[in-house]
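Engineer: Below you will find the structure I want to go over with you.
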Amino acid sequence: MINSPLSNLFLDTISNIEKFEKNIEDFRDLSKKVYDFYLAKKESSRAKQVLITIKYGTAKGLRKSFIDSHKKLVKNAEKIDQSLSDAENIFNNKEKTCYTCHGLGHSYKQEYLREKGSPTRRIRKTIKCEPCKGTGKIKLDIDETEEVLIRNFIDLGNLLNNILKESLNSFDNLIKIL
């Protein structure tokens, strides 16, 4: 399983989750600053407002940073969703698009033809792809133990992904209020 095409997707998914985690921390910090800013505004404390927005220039700058941070979260959530979907498709079909020919089943090779009395010519020759044997797909051998682990990873990832989507929906509502 270590060299499995699924393991690469799992590593991508984990990497995207780690990026999401970092972005959610930034978003949380910005949320706190936005909240503090509006409390300061409610209290009519101009000094607190200035201190909170000093890094962003203005209240609009703070709001823009907050919205940009939210957009990063949405992009990362989409990447997580896509990698989980890809992993599930590969797992269910027990095959993956060939990494050598990218699903074509063949590749091309340049050959040079020399004939006496004529200039050298380049010819593009079609060659059957060896890793997939011309099918464009590589069959995966997954034993029962790996199958259980993969299914658990995908199920856990989908559960996490649903939680992320719900969180993003509530953040969308918060942004609409701003």
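In the structure tokens, each chain is lettered A, B, ... as it comes, each chain's residues begin at 1, and ligands are numbered from 1 in order of appearance.
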List as a compact mmCIF listing (two decimals) with N, CA and C atoms, in the first residue's frame the protein and nucleic acid residues near Arg122 (chain A), meaning an atom at most 9 Å away when only C-alpha atoms are counted, but skip any in the same chain fewer than 5 places from it.

Structural biologist:
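Saved as out-v8.txt:
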```txt
# COMPACT_ATOMS: atom_id res chain seq x y z
N GLN A 110 10.03 9.58 -30.87
CA GLN A 110 10.61 10.18 -32.08
C GLN A 110 11.71 9.25 -32.61
N GLU A 111 11.61 8.89 -33.85
CA GLU A 111 12.67 8.11 -34.49
C GLU A 111 13.18 8.90 -35.68
N TYR A 112 14.43 8.64 -36.01
CA TYR A 112 15.04 9.32 -37.15
C TYR A 112 15.28 8.30 -38.24
N LEU A 113 14.84 8.64 -39.43
CA LEU A 113 14.97 7.74 -40.56
C LEU A 113 15.99 8.32 -41.52
```

Engineer: Neighbours of Asp12 (chain A) within 9 Å (only C-alpha atoms; same-chain residues fewer than 5 positions away dropped), as a ChimeraX atom specification?

Structural biologist: /A:7,17,79-80,83

Engineer: Go ahead and dump the residues you just picked, C-alpha atoms, as a PDB file, in the first residue's frame.

Structural biologist:
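Generated file (again-v7.pdb):
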```
ATOM      1  CA  SER A   7      -1.462   6.415  -0.773  1.00  0.00           C
ATOM      2  CA  ILE A  17      -6.231  19.096   5.784  1.00  0.00           C
ATOM      3  CA  LYS A  79      -9.303  20.445  -2.558  1.00  0.00           C
ATOM      4  CA  ILE A  80     -10.036  18.100   0.356  1.00  0.00           C
ATOM      5  CA  SER A  83      -8.999  14.351  -3.220  1.00  0.00           C
TER       6      SER A  83
END
```

Engineer: Could you pull out the strand (DSSP E or B) residues of region 83-157 of chain A from DSSP and send them as number ranges by chain?

Structural biologist: A: 95-97, 106-113, 121-128, 137-139

Engineer: Need to verify the contact set: Asp29 (chain A), 12 Å, only C-alpha atoms, exclusion of same-chain residues closer than 4 positions in sequence. Can you return it as a PyMOL selection string?

Structural biologist: chain A and resi 22-25+33-36+52+62+65-66+69-70

Engineer: Can you write just those residues out, C-alpha atoms, as a tab-separated table (two decimals), in the first residue's frame?

Structural biologist:
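Dumped everything to out20.tsv:
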```
chain	number	residue	atom	x	y	z
A	22	LYS	CA	-3.37	26.49	9.40
A	23	ASN	CA	-5.87	28.64	7.50
A	24	ILE	CA	-8.58	28.06	10.10
A	25	GLU	CA	-6.17	29.31	12.79
A	33	LYS	CA	-10.00	40.88	15.69
A	34	VAL	CA	-13.22	41.58	13.79
A	35	TYR	CA	-15.23	40.86	16.93
A	36	ASP	CA	-12.92	43.05	19.04
A	52	ILE	CA	-6.90	46.56	16.11
A	62	LEU	CA	-9.45	44.11	8.22
A	65	SER	CA	-8.31	40.15	5.11
A	66	PHE	CA	-11.14	38.34	6.86
A	69	SER	CA	-8.97	34.19	4.68
A	70	HIS	CA	-12.45	32.73	4.25
```

Engineer: When distances are computed from only C-alpha atoms, which of A:Arg114, A:Arg121, A:Lys96, A:Lys165 shows the smallest separation from Lys137 (chain A)?

Structural biologist: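 Among A:Arg114, A:Arg121, A:Lys96, A:Lys165, it is A:Lys96 that comes nearest to Lys137 (chain A).
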
Engineer: If you run DSSP on the backbone, which residues of chain A are helix (DSSP H, G or I), as number ranges by chain?

Structural biologist: A: 5-42, 46-53, 59-93, 144-177

Engineer: Env of Asn162 (chain A): 12 Å cut, atoms = only C-alpha atoms, seq-sep filter 3 positions within chain, self excluded. Answer as a VMD selection string.

Structural biologist: chain A and resid 77 to 78 80 to 81 84 155 to 159 165 to 169

Engineer: Could you turn the residues from that selection into a file that holds C-alpha atoms, as a tab-separated table (two decimals), in the first residue's frame?

Structural biologist:
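File part-v9.tsv, as written:
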```
chain	number	residue	atom	x	y	z
A	77	ALA	CA	-12.15	22.55	1.54
A	78	GLU	CA	-12.74	22.06	-2.20
A	80	ILE	CA	-10.04	18.10	0.36
A	81	ASP	CA	-13.40	17.22	-1.17
A	84	LEU	CA	-11.46	12.33	-1.12
A	155	ASP	CA	-15.28	7.51	5.76
A	156	LEU	CA	-13.40	9.53	8.36
A	157	GLY	CA	-12.28	12.02	5.70
A	158	ASN	CA	-15.86	12.41	4.46
A	159	LEU	CA	-17.10	12.96	8.02
A	165	LYS	CA	-18.63	22.36	5.00
A	166	GLU	CA	-21.02	23.11	7.86
A	167	SER	CA	-18.41	25.37	9.48
A	168	LEU	CA	-17.87	27.20	6.20
A	169	ASN	CA	-21.62	27.70	5.82
```

Engineer: Determine the nearest neighbour of Ile142 (chain A) from the options A:Asp68, A:Glu95, A:Glu21, A:Asp86, counting only C-alpha atoms.

Structural biologist: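 Nearest candidate to Ile142 (chain A) out of A:Asp68, A:Glu95, A:Glu21, A:Asp86: A:Glu95.
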
Engineer: Skipping near chain neighbours, those fewer than 5 positions away, what residues fall within 10 Å of Leu104 (chain A) using only C-alpha atoms, listed as a list in words?

Structural biologist: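 The filter keeps Thr97, Cys98, Lys128, Cys129, Cys132, Gly134, Thr135, Gly136 and Lys137 of chain A.
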
Engineer: Could you dump the residues just selected with N, CA and C atoms as a PDB file, in the first residue's frame?

Structural biologist:
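Result went into part-v3.pdb, see below:
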```pdb
ATOM      1  N   THR A  97      -5.970   5.749 -13.426  1.00  0.00           N
ATOM      2  CA  THR A  97      -5.440   6.156 -14.722  1.00  0.00           C
ATOM      3  C   THR A  97      -3.927   5.988 -14.716  1.00  0.00           C
ATOM      4  N   CYS A  98      -3.415   5.446 -15.787  1.00  0.00           N
ATOM      5  CA  CYS A  98      -1.974   5.187 -15.889  1.00  0.00           C
ATOM      6  C   CYS A  98      -1.191   6.494 -15.770  1.00  0.00           C
ATOM      7  N   LYS A 128       2.932   1.088 -27.584  1.00  0.00           N
ATOM      8  CA  LYS A 128       1.997   0.628 -26.551  1.00  0.00           C
ATOM      9  C   LYS A 128       2.632   0.872 -25.174  1.00  0.00           C
ATOM     10  N   CYS A 129       1.843   1.414 -24.263  1.00  0.00           N
ATOM     11  CA  CYS A 129       2.325   1.721 -22.915  1.00  0.00           C
ATOM     12  C   CYS A 129       2.540   0.425 -22.143  1.00  0.00           C
ATOM     13  N   CYS A 132       0.548  -0.063 -18.253  1.00  0.00           N
ATOM     14  CA  CYS A 132      -0.888  -0.390 -18.302  1.00  0.00           C
ATOM     15  C   CYS A 132      -1.215  -1.398 -19.399  1.00  0.00           C
ATOM     16  N   GLY A 134      -1.395  -0.960 -22.513  1.00  0.00           N
ATOM     17  CA  GLY A 134      -2.229  -0.369 -23.548  1.00  0.00           C
ATOM     18  C   GLY A 134      -3.666  -0.083 -23.149  1.00  0.00           C
ATOM     19  N   THR A 135      -4.035  -0.322 -21.908  1.00  0.00           N
ATOM     20  CA  THR A 135      -5.427  -0.095 -21.483  1.00  0.00           C
ATOM     21  C   THR A 135      -5.679   1.330 -20.999  1.00  0.00           C
ATOM     22  N   GLY A 136      -4.638   2.011 -20.564  1.00  0.00           N
ATOM     23  CA  GLY A 136      -4.789   3.357 -20.002  1.00  0.00           C
ATOM     24  C   GLY A 136      -5.130   3.339 -18.523  1.00  0.00           C
ATOM     25  N   LYS A 137      -5.368   2.148 -17.968  1.00  0.00           N
ATOM     26  CA  LYS A 137      -5.715   1.993 -16.553  1.00  0.00           C
ATOM     27  C   LYS A 137      -4.781   0.979 -15.909  1.00  0.00           C
TER      28      LYS A 137
END
```

Engineer: Would you pick out the contacts of Glu147 (chain A) at 12 Å or less, using only C-alpha atoms, so that residues sharing its chain but fewer than 3 positions from it are not included, and give the list as a PyMOL selection string?

Structural biologist: chain A and resi 1+6+88+90-92+94+140-144+150-154

Engineer: How many Å separate CA of Leu11 (chain A) from CA of Asp26 (chain A)?

Structural biologist: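 Straight-line distance from CA of Leu11 (chain A) to CA of Asp26 (chain A) works out to 22.9 Å.
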
Engineer: To one decimal in Å, tell me the separation between CA of Gln82 (chain A) and CA of Asn161 (chain A).

Structural biologist: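 Between CA of Gln82 (chain A) and CA of Asn161 (chain A) the gap works out to 10.4 Å.
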
Engineer: Quick check, in Å to one decimal: how far apart do CA of Phe27 (chain A) and CA of Arg46 (chain A) lie?

Structural biologist: 23.9 Å

Engineer: Here is a test: counting only C-alpha atoms, which residue of A:Asn173, A:Val74, A:Thr58, A:Asn8 is nearest to Ala87 (chain A)?

Structural biologist: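 Once distances to Ala87 (chain A) are computed over only C-alpha atoms, the minimum belongs to A:Asn8.
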